[in-house]
Amino acid sequence: MVTSRLGLIHEGLVASPLMFALFEELGLIQPLDIDVQLGDGTHYRLGEMFTIGMEQFQALASDQLERLHREGFLAPAIFIRSSLPNMNRLVERKRRKIEGAPVLAG
């Protein structure tokens, strides 16, 4: 079991440069700065982050989408893009924790 998990990690490390090169070639990579201001005055700035641009993704031609799919990178592109809204949930959890309110699971 451990060996198979390590194998998956290795495969991901090998595929990542190819995946990001294709994302870059297709113009999908968009820089992202995240600023979070909490009620207690705490400020977090997460810079030099990247996501998949929604407009760029929606503008892909069918042959480009097929290429992403064929290379095995369409699902990761969708996962990267769809993970961004989770940031609001995480900020809300942090806010509730600081306020001493119960942090809801999920």
# chains A, B, ... in the order shown; residues from 1 in each chain; ligands from 1

call {"tool": "residues_around", "arguments": {"residues": "Arg95 of chain A", "least_positions_apart": "3", "cutoff": "8 Å", "atoms": "only C-alpha atoms", "output": "PyMOL selection string"}}
result
chain A and resi 38-39+91-92+98-99

call {"tool": "residues_around", "arguments": {"residues": "segment 55-71 of chain A", "least_positions_apart": "6", "cutoff": "8 Å", "atoms": "only C-alpha atoms", "output": "ChimeraX atom specification"}}
result
/A:22,26-28

call {"tool": "select_by_dssp", "arguments": {"residues": "chain A", "states": "helix (DSSP H, G or I)", "output": "ChimeraX atom specification"}}
result
/A:2-25,54-58,62-71,74-83,86-99

call {"tool": "atom_distance", "arguments": {"atom1": "atom CA of Thr3 of chain A", "atom2": "atom CA of Phe20 of chain A"}}
result
25.9 Å

call {"tool": "atom_distance", "arguments": {"atom1": "atom CA of Gly100 of chain A", "atom2": "atom CA of Asn86 of chain A"}}
result
21.3 Å

call {"tool": "select_by_dssp", "arguments": {"residues": "segment 10-60 of chain A", "states": "strand (DSSP E or B)", "output": "list in words"}}
result
Ile29, Gln30, Pro31, Leu32, Asp33, Ile34, Asp35, Val36, Gln37, His43, Tyr44, Arg45, Leu46, Gly47, Glu48, Met49, Phe50, Thr51 and Ile52 of chain A

call {"tool": "atom_distance", "arguments": {"atom1": "atom CA of Met1 of chain A", "atom2": "atom CA of Arg81 of chain A"}}
result
29.9 Å

call {"tool": "closest_residue", "arguments": {"among": "A:Phe73, A:Val36, A:Met54, A:Ile80", "to": "Pro17 of chain A", "atoms": "only C-alpha atoms"}}
result
A:Phe73

call {"tool": "residues_around", "arguments": {"residues": "Arg45 of chain A", "least_positions_apart": "5", "cutoff": "9 Å", "atoms": "only C-alpha atoms", "output": "ChimeraX atom specification"}}
result
/A:33-37

call {"tool": "residues_around", "arguments": {"residues": "Leu32 of chain A", "least_positions_apart": "2", "cutoff": "10 Å", "atoms": "only C-alpha atoms", "output": "VMD selection string"}}
result
chain A and resid 29 to 30 34 to 35 46 to 53

call {"tool": "write_last_selection", "arguments": {"atoms": "N, CA and C atoms", "output": "tab-separated table (two decimals), in the first residue's frame"}}
result
chain	number	residue	atom	x	y	z
A	29	ILE	N	-2.96	29.73	-17.28
A	29	ILE	CA	-2.45	30.10	-15.95
A	29	ILE	C	-2.67	31.58	-15.70
A	30	GLN	N	-3.28	31.85	-14.55
A	30	GLN	CA	-3.61	33.21	-14.16
A	30	GLN	C	-3.04	33.46	-12.77
A	34	ILE	N	-4.27	36.58	-2.87
A	34	ILE	CA	-5.40	36.44	-1.95
A	34	ILE	C	-5.12	37.29	-0.71
A	35	ASP	N	-6.02	38.21	-0.43
A	35	ASP	CA	-5.94	39.04	0.77
A	35	ASP	C	-7.10	38.67	1.68
A	46	LEU	N	-1.62	36.16	0.63
A	46	LEU	CA	-1.02	35.01	-0.05
A	46	LEU	C	-0.73	35.43	-1.48
A	47	GLY	N	0.51	35.69	-1.76
A	47	GLY	CA	0.90	36.15	-3.08
A	47	GLY	C	1.60	35.07	-3.88
A	48	GLU	N	1.84	35.39	-5.12
A	48	GLU	CA	2.53	34.49	-6.03
A	48	GLU	C	1.87	33.12	-6.11
A	49	MET	N	0.55	33.15	-6.15
A	49	MET	CA	-0.21	31.93	-6.35
A	49	MET	C	-0.80	31.97	-7.75
A	50	PHE	N	-1.25	30.84	-8.21
A	50	PHE	CA	-1.78	30.75	-9.56
A	50	PHE	C	-3.03	29.88	-9.58
A	51	THR	N	-3.87	30.12	-10.56
A	51	THR	CA	-5.06	29.31	-10.77
A	51	THR	C	-5.27	29.16	-12.27
A	52	ILE	N	-6.32	28.48	-12.62
A	52	ILE	CA	-6.73	28.37	-14.01
A	52	ILE	C	-7.76	29.47	-14.25
A	53	GLY	N	-7.50	30.34	-15.20
A	53	GLY	CA	-8.41	31.43	-15.50
A	53	GLY	C	-9.72	30.91	-16.08

call {"tool": "decode", "arguments": {"residues": "segment 58-77 of chain A", "atoms": "N, CA and C atoms", "output": "PDB file, in the first residue's frame"}}
result
ATOM      1  N   GLN A  58     -12.924  28.745 -20.504  1.00  0.00           N
ATOM      2  CA  GLN A  58     -14.159  28.721 -21.279  1.00  0.00           C
ATOM      3  C   GLN A  58     -13.919  29.031 -22.755  1.00  0.00           C
ATOM      4  N   ALA A  59     -12.840  29.729 -23.053  1.00  0.00           N
ATOM      5  CA  ALA A  59     -12.549  30.113 -24.434  1.00  0.00           C
ATOM      6  C   ALA A  59     -11.782  29.036 -25.208  1.00  0.00           C
ATOM      7  N   LEU A  60     -11.423  27.941 -24.552  1.00  0.00           N
ATOM      8  CA  LEU A  60     -10.673  26.892 -25.243  1.00  0.00           C
ATOM      9  C   LEU A  60     -11.487  26.307 -26.390  1.00  0.00           C
ATOM     10  N   ALA A  61     -10.801  26.048 -27.479  1.00  0.00           N
ATOM     11  CA  ALA A  61     -11.432  25.386 -28.627  1.00  0.00           C
ATOM     12  C   ALA A  61     -11.555  23.897 -28.329  1.00  0.00           C
ATOM     13  N   SER A  62     -12.413  23.231 -29.075  1.00  0.00           N
ATOM     14  CA  SER A  62     -12.660  21.806 -28.833  1.00  0.00           C
ATOM     15  C   SER A  62     -11.391  20.973 -28.979  1.00  0.00           C
ATOM     16  N   ASP A  63     -10.521  21.317 -29.922  1.00  0.00           N
ATOM     17  CA  ASP A  63      -9.286  20.546 -30.077  1.00  0.00           C
ATOM     18  C   ASP A  63      -8.346  20.752 -28.893  1.00  0.00           C
ATOM     19  N   GLN A  64      -8.390  21.932 -28.288  1.00  0.00           N
ATOM     20  CA  GLN A  64      -7.561  22.186 -27.107  1.00  0.00           C
ATOM     21  C   GLN A  64      -8.092  21.405 -25.906  1.00  0.00           C
ATOM     22  N   LEU A  65      -9.407  21.373 -25.751  1.00  0.00           N
ATOM     23  CA  LEU A  65     -10.010  20.570 -24.676  1.00  0.00           C
ATOM     24  C   LEU A  65      -9.706  19.093 -24.870  1.00  0.00           C
ATOM     25  N   GLU A  66      -9.791  18.651 -26.112  1.00  0.00           N
ATOM     26  CA  GLU A  66      -9.482  17.250 -26.381  1.00  0.00           C
ATOM     27  C   GLU A  66      -8.025  16.944 -26.042  1.00  0.00           C
ATOM     28  N   ARG A  67      -7.129  17.870 -26.363  1.00  0.00           N
ATOM     29  CA  ARG A  67      -5.711  17.665 -26.036  1.00  0.00           C
ATOM     30  C   ARG A  67      -5.500  17.566 -24.523  1.00  0.00           C
ATOM     31  N   LEU A  68      -6.143  18.467 -23.783  1.00  0.00           N
ATOM     32  CA  LEU A  68      -6.053  18.384 -22.322  1.00  0.00           C
ATOM     33  C   LEU A  68      -6.540  17.026 -21.833  1.00  0.00           C
ATOM     34  N   HIS A  69      -7.663  16.578 -22.376  1.00  0.00           N
ATOM     35  CA  HIS A  69      -8.217  15.286 -21.989  1.00  0.00           C
ATOM     36  C   HIS A  69      -7.269  14.144 -22.368  1.00  0.00           C
ATOM     37  N   ARG A  70      -6.791  14.157 -23.585  1.00  0.00           N
ATOM     38  CA  ARG A  70      -5.919  13.090 -24.082  1.00  0.00           C
ATOM     39  C   ARG A  70      -4.628  12.993 -23.256  1.00  0.00           C
ATOM     40  N   GLU A  71      -4.106  14.144 -22.835  1.00  0.00           N
ATOM     41  CA  GLU A  71      -2.868  14.167 -22.035  1.00  0.00           C
ATOM     42  C   GLU A  71      -3.135  13.839 -20.561  1.00  0.00           C
ATOM     43  N   GLY A  72      -4.419  13.756 -20.186  1.00  0.00           N
ATOM     44  CA  GLY A  72      -4.767  13.442 -18.801  1.00  0.00           C
ATOM     45  C   GLY A  72      -4.795  14.658 -17.893  1.00  0.00           C
ATOM     46  N   PHE A  73      -4.890  15.868 -18.484  1.00  0.00           N
ATOM     47  CA  PHE A  73      -4.808  17.096 -17.696  1.00  0.00           C
ATOM     48  C   PHE A  73      -6.113  17.882 -17.640  1.00  0.00           C
ATOM     49  N   LEU A  74      -7.170  17.390 -18.266  1.00  0.00           N
ATOM     50  CA  LEU A  74      -8.443  18.115 -18.227  1.00  0.00           C
ATOM     51  C   LEU A  74      -9.034  18.079 -16.816  1.00  0.00           C
ATOM     52  N   ALA A  75      -9.091  16.920 -16.215  1.00  0.00           N
ATOM     53  CA  ALA A  75      -9.633  16.818 -14.848  1.00  0.00           C
ATOM     54  C   ALA A  75      -8.819  17.651 -13.863  1.00  0.00           C
ATOM     55  N   PRO A  76      -7.472  17.588 -13.881  1.00  0.00           N
ATOM     56  CA  PRO A  76      -6.726  18.446 -12.952  1.00  0.00           C
ATOM     57  C   PRO A  76      -6.996  19.936 -13.172  1.00  0.00           C
ATOM     58  N   ALA A  77      -7.181  20.357 -14.430  1.00  0.00           N
ATOM     59  CA  ALA A  77      -7.488  21.765 -14.695  1.00  0.00           C
ATOM     60  C   ALA A  77      -8.814  22.142 -14.049  1.00  0.00           C
TER      61      ALA A  77
END
